[in-house]
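K.L.:
Okay, handing you the structure first.
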Amino acid sequence: MKKLLALTAIAAAVVGAHAQDFPSKPINIVVPFAAGGPTDRVARDLAEALRKPLGGVSIVVDNVPGAGSSIGAAKVARANPDGYTLLLNHIGMSTIPTLVRNVPFKVETDFEYLGIVNDVPMTLISKPSMQANNYKELSAWIAANKGKINLGNAGVGSASHLCGLLFQTATKTEMTPVPYKGTAPAITDLIGGQIDLLCDQTTNTSPQIEAKKVKAFAVTTNKRLTTPLLKDLPTLQESGLKDFQVTIWHGLYAPKGTPAAVTKKINDALKVALKDPDFIKKQEGLGAVVANDGRIEPDGHKKFVAAEIAKWSPIIKAAGVYAD
């Protein structure tokens, strides 16, 4: 017994020393999507904002795309729980349990939750030749064209795919999903009239709306946006779709078992980064709103993801879709 207690004390001392020295080498932030996309951009902006509060340590973004973000997430779940391998994932963290077959980890128990970073609103847009000019007219057009509507998305499990599923559920309308390999080709075909509708992040749609290459009908937030370009767009809730709200949030995670002292250091640094004026400005440029509520705390973050899993699971199951 004395030997066991001694070993336990030694182990605790080692962990304590490790936490005190953290970080003493570069930190990797795994992004489970390809480089160049919105989540990759958020990760790179966040990495820069975290450097100073973490003592100037180098922070490297590692892109590991595939299978609805589960490949990159699995890499972090299996990583050494020392705080040097983190995960930045978006709403996909709440859809993995239902969307991906045979997930090699459990979202709610295999990670330490470090805090939500931001929320990105979405917009419902259409091809430029759409006859409707406001949501009331669009709703009438949808009712008159049931069974004929092509709804684009950036691929199974993408933000636009999830928004499209929720939109069909809310309007009680089955539309033909048209998946693409990314948002860019989907918007190209929307502009060309090959598809009718698309619901995607403001980071992707704002330039097309400003250039009047597409028609915009509504935003997916619970309140109207304040940005000059989108401030006149109604919310889908006020347009009659009760409880319709979708934002593409991003959260930071560490492998389960990462020492509490280390996760506290990272969470403390995250809170500083979220108040960094330069980071806030960059996020506003992406159409994102930096988190400043209870979700920036680990417990709040975890409760939020659990609620999102409960929200999306029945919708995905009803649609019968999977990200292989």
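Residues are referred to by chain and number: the chain letter is A, B, ... according to the order shown in the structure tokens, the number counts from 1 in that chain, and ligands are numbered separately from 1 in the order shown.
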Show which residues sit within 12 Å of A:Gly66, as a list in words. Count only C-alpha atoms, and ignore same-chain residues fewer than 5 positions away.

P.N.:
Val31, Pro32, Phe33, Ala34, Ile71, Gly72, Ala73, Ala74, Lys75, Gly92, Ile96, Val100, Gly155, Val156, Gly157, Ser158, Lys181, Ala323 and Asp324 of chain A

K.L.:
Give me the residues near stretch 224-236 of chain A as a list in words, where near means some atom within 9 Å (using only C-alpha atoms) and where sequence neighbours in that chain fewer than 2 positions away do not count.

P.N.:
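Non-adjacent residues within range: Pro121, Thr123, Leu124, Tyr135, Ser206, Ile209, Glu210, Ala216, Phe217, Ala218, Val219, Thr220, Thr221, Asn222, Glu238, Ser239, Gly240, Leu241, Lys242, Asp243, Phe244, Gln245 and Gly287 of chain A.
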
K.L.:
As a PDB file with C-alpha atoms, in the first residue's frame, please: every residue in stretch 27-230 of chain A that DSSP puts in alpha helix (DSSP H).

P.N.:
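Listing of part-v4.pdb after writing:
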ATOM      1  CA  PRO A  38     -14.116  28.870 -43.272  1.00  0.00           C
ATOM      2  CA  THR A  39     -13.147  26.572 -40.372  1.00  0.00           C
ATOM      3  CA  ASP A  40      -9.511  26.587 -41.453  1.00  0.00           C
ATOM      4  CA  ARG A  41      -9.592  30.391 -41.505  1.00  0.00           C
ATOM      5  CA  VAL A  42     -11.088  30.542 -38.011  1.00  0.00           C
ATOM      6  CA  ALA A  43      -8.412  28.138 -36.742  1.00  0.00           C
ATOM      7  CA  ARG A  44      -5.567  30.200 -38.174  1.00  0.00           C
ATOM      8  CA  ASP A  45      -6.963  33.431 -36.753  1.00  0.00           C
ATOM      9  CA  LEU A  46      -7.455  31.748 -33.375  1.00  0.00           C
ATOM     10  CA  ALA A  47      -3.953  30.258 -33.410  1.00  0.00           C
ATOM     11  CA  GLU A  48      -2.511  33.743 -33.801  1.00  0.00           C
ATOM     12  CA  ALA A  49      -4.725  35.153 -31.039  1.00  0.00           C
ATOM     13  CA  LEU A  50      -3.756  32.334 -28.639  1.00  0.00           C
ATOM     14  CA  ARG A  51      -0.016  32.752 -29.061  1.00  0.00           C
ATOM     15  CA  SER A  70     -14.708  12.436 -37.873  1.00  0.00           C
ATOM     16  CA  ILE A  71     -11.222  11.552 -39.194  1.00  0.00           C
ATOM     17  CA  GLY A  72      -9.612  14.666 -37.748  1.00  0.00           C
ATOM     18  CA  ALA A  73     -11.612  14.374 -34.536  1.00  0.00           C
ATOM     19  CA  ALA A  74     -10.517  10.736 -34.142  1.00  0.00           C
ATOM     20  CA  LYS A  75      -6.878  11.785 -34.484  1.00  0.00           C
ATOM     21  CA  VAL A  76      -7.267  14.131 -31.528  1.00  0.00           C
ATOM     22  CA  ALA A  77      -9.249  11.613 -29.467  1.00  0.00           C
ATOM     23  CA  ARG A  78      -6.320   9.163 -29.825  1.00  0.00           C
ATOM     24  CA  GLY A  92     -20.079  18.775 -37.178  1.00  0.00           C
ATOM     25  CA  MET A  93     -19.111  17.819 -33.630  1.00  0.00           C
ATOM     26  CA  SER A  94     -22.827  17.509 -32.840  1.00  0.00           C
ATOM     27  CA  THR A  95     -23.732  15.596 -36.005  1.00  0.00           C
ATOM     28  CA  ILE A  96     -20.919  13.002 -36.007  1.00  0.00           C
ATOM     29  CA  PRO A  97     -22.754  10.618 -33.621  1.00  0.00           C
ATOM     30  CA  THR A  98     -25.684  10.275 -36.041  1.00  0.00           C
ATOM     31  CA  LEU A  99     -24.182  11.153 -39.406  1.00  0.00           C
ATOM     32  CA  TYR A 135     -39.708  35.177 -48.398  1.00  0.00           C
ATOM     33  CA  LYS A 136     -43.532  35.329 -48.597  1.00  0.00           C
ATOM     34  CA  GLU A 137     -43.341  34.953 -52.375  1.00  0.00           C
ATOM     35  CA  LEU A 138     -40.646  32.270 -52.054  1.00  0.00           C
ATOM     36  CA  SER A 139     -42.856  30.304 -49.673  1.00  0.00           C
ATOM     37  CA  ALA A 140     -45.677  30.408 -52.216  1.00  0.00           C
ATOM     38  CA  TRP A 141     -43.262  29.294 -54.959  1.00  0.00           C
ATOM     39  CA  ILE A 142     -42.100  26.366 -52.821  1.00  0.00           C
ATOM     40  CA  ALA A 143     -45.706  25.299 -52.195  1.00  0.00           C
ATOM     41  CA  ALA A 144     -46.469  25.455 -55.922  1.00  0.00           C
ATOM     42  CA  ALA A 159     -23.212  23.297 -42.923  1.00  0.00           C
ATOM     43  CA  SER A 160     -25.352  23.862 -46.016  1.00  0.00           C
ATOM     44  CA  HIS A 161     -26.520  20.236 -45.948  1.00  0.00           C
ATOM     45  CA  LEU A 162     -27.637  20.513 -42.310  1.00  0.00           C
ATOM     46  CA  CYS A 163     -29.398  23.817 -42.900  1.00  0.00           C
ATOM     47  CA  GLY A 164     -31.154  22.310 -45.914  1.00  0.00           C
ATOM     48  CA  LEU A 165     -32.375  19.329 -43.885  1.00  0.00           C
ATOM     49  CA  LEU A 166     -33.786  21.609 -41.202  1.00  0.00           C
ATOM     50  CA  PHE A 167     -35.409  23.849 -43.824  1.00  0.00           C
ATOM     51  CA  GLN A 168     -37.176  20.887 -45.427  1.00  0.00           C
ATOM     52  CA  THR A 169     -38.381  19.710 -42.013  1.00  0.00           C
ATOM     53  CA  ALA A 170     -39.622  23.181 -41.068  1.00  0.00           C
ATOM     54  CA  THR A 171     -41.448  23.717 -44.385  1.00  0.00           C
ATOM     55  CA  THR A 183     -19.506  25.416 -51.479  1.00  0.00           C
ATOM     56  CA  ALA A 184     -17.802  27.066 -54.475  1.00  0.00           C
ATOM     57  CA  PRO A 185     -19.176  24.681 -57.145  1.00  0.00           C
ATOM     58  CA  ALA A 186     -22.603  24.750 -55.478  1.00  0.00           C
ATOM     59  CA  ILE A 187     -22.772  28.537 -55.674  1.00  0.00           C
ATOM     60  CA  THR A 188     -21.497  28.464 -59.275  1.00  0.00           C
ATOM     61  CA  ASP A 189     -24.384  26.194 -60.263  1.00  0.00           C
ATOM     62  CA  LEU A 190     -26.845  28.291 -58.242  1.00  0.00           C
ATOM     63  CA  ILE A 191     -25.772  31.397 -60.143  1.00  0.00           C
ATOM     64  CA  GLY A 192     -26.109  29.461 -63.389  1.00  0.00           C
ATOM     65  CA  THR A 202     -22.512  34.295 -44.572  1.00  0.00           C
ATOM     66  CA  THR A 203     -18.772  33.772 -45.088  1.00  0.00           C
ATOM     67  CA  ASN A 204     -19.630  32.144 -48.410  1.00  0.00           C
ATOM     68  CA  THR A 205     -22.798  33.917 -49.479  1.00  0.00           C
ATOM     69  CA  SER A 206     -22.177  37.597 -48.656  1.00  0.00           C
ATOM     70  CA  PRO A 207     -19.909  38.311 -51.658  1.00  0.00           C
ATOM     71  CA  GLN A 208     -22.499  36.824 -54.039  1.00  0.00           C
ATOM     72  CA  ILE A 209     -25.347  38.724 -52.377  1.00  0.00           C
ATOM     73  CA  GLU A 210     -23.406  41.999 -52.556  1.00  0.00           C
TER      74      GLU A 210
END

K.L.:
Which parts of stretch 63-169 of chain A does DSSP call strand (DSSP E or B) when run on the backbone here, written out as a VMD selection string?

P.N.:
chain A and resid 63 85 to 89 111 to 120 122 to 126 150 to 153

K.L.:
Quick one: pull the distance between atom CA of A:Asp200 and atom CA of A:Trp249, Å, one decimal.

P.N.:
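Between these atoms lies a distance of 13.1 Å.
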
K.L.:
Using only C-alpha atoms, pick whichever of A:Asn118, A:Ser126, A:Ser58, A:Ser313 has the shortest atom-to-atom distance to A:Gln283.

P.N.:
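Between A:Asn118, A:Ser126, A:Ser58, A:Ser313, the residue approaching A:Gln283 most closely is A:Asn118.
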
K.L.:
Name the closest residue to A:Lys25 among the candidates A:Gly55, A:Lys256, A:Arg295, A:Tyr322; distances are taken between atoms, counting only C-alpha atoms.

P.N.:
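Checking each of A:Gly55, A:Lys256, A:Arg295, A:Tyr322 against A:Lys25, counting only C-alpha atoms, the winner is A:Gly55.
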
K.L.:
Could you list, as a list of chain:residue names, every residue within 9 Å of A:Lys271, counting only C-alpha atoms and ignoring same-chain residues fewer than 6 positions away?

P.N.:
A:Gly115, A:Asn292, A:Ile296, A:Glu297

K.L.:
If you count only C-alpha atoms, which residues fall within 12 Å of A:Asp299, apart from same-chain ones fewer than 2 positions away, as a list in words?

P.N.:
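Final neighbour list, sorted by chain and number: Glu108, Glu112, Tyr113, Leu114, Gly115, Ile116, Asn267, Asp293, Gly294, Arg295, Ile296, Glu297, His301, Lys302, Lys303, Phe304, Val305 and Ala306 of chain A.
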
K.L.:
For A:Val103, which residue among A:Gly320, A:Ala67, A:Ala132, A:Ala260 is the nearest when counting only C-alpha atoms?

P.N.:
A:Ala67

K.L.:
Just want the 12 Å neighbourhood of A:Thr263, counted on only C-alpha atoms, with same-chain residues fewer than 4 positions away dropped. Output as a CSV table (one decimal) with C-alpha atoms, in the first residue's frame.

P.N.:
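What follows is the written file part-v4.csv:
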chain,number,residue,atom,x,y,z
A,19,ALA,CA,1.1,21.5,-16.1
A,20,GLN,CA,3.4,24.2,-14.6
A,22,PHE,CA,2.9,24.0,-20.2
A,23,PRO,CA,3.3,25.0,-22.9
A,54,LEU,CA,0.1,31.1,-24.1
A,81,PRO,CA,-3.6,13.9,-23.5
A,82,ASP,CA,-0.9,16.5,-22.8
A,83,GLY,CA,-2.5,19.7,-24.3
A,84,TYR,CA,-0.2,19.8,-27.3
A,85,THR,CA,-2.9,18.4,-29.7
A,86,LEU,CA,-6.2,20.2,-29.9
A,111,PHE,CA,-12.8,14.9,-25.2
A,112,GLU,CA,-12.1,17.7,-22.8
A,113,TYR,CA,-14.3,20.7,-23.7
A,114,LEU,CA,-12.4,24.0,-23.8
A,115,GLY,CA,-15.0,26.5,-25.0
A,252,LEU,CA,-12.0,23.9,-29.1
A,253,TYR,CA,-11.3,20.5,-27.6
A,254,ALA,CA,-8.5,18.4,-26.1
A,255,PRO,CA,-8.2,14.6,-25.7
A,256,LYS,CA,-9.9,13.1,-22.7
A,257,GLY,CA,-7.6,12.9,-19.7
A,258,THR,CA,-5.7,16.1,-20.4
A,259,PRO,CA,-4.7,17.4,-16.9
A,267,ASN,CA,-9.3,28.0,-21.5
A,268,ASP,CA,-7.9,31.0,-19.8
A,269,ALA,CA,-5.9,31.8,-22.9
A,270,LEU,CA,-9.0,31.3,-25.0
A,297,GLU,CA,-16.6,27.9,-20.2
A,298,PRO,CA,-16.0,24.1,-20.5

K.L.:
Take atom CA of A:Pro179 and atom CA of A:Asn153 and report the distance between them in Å, one decimal.

P.N.:
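So the answer is 4.9 Å.
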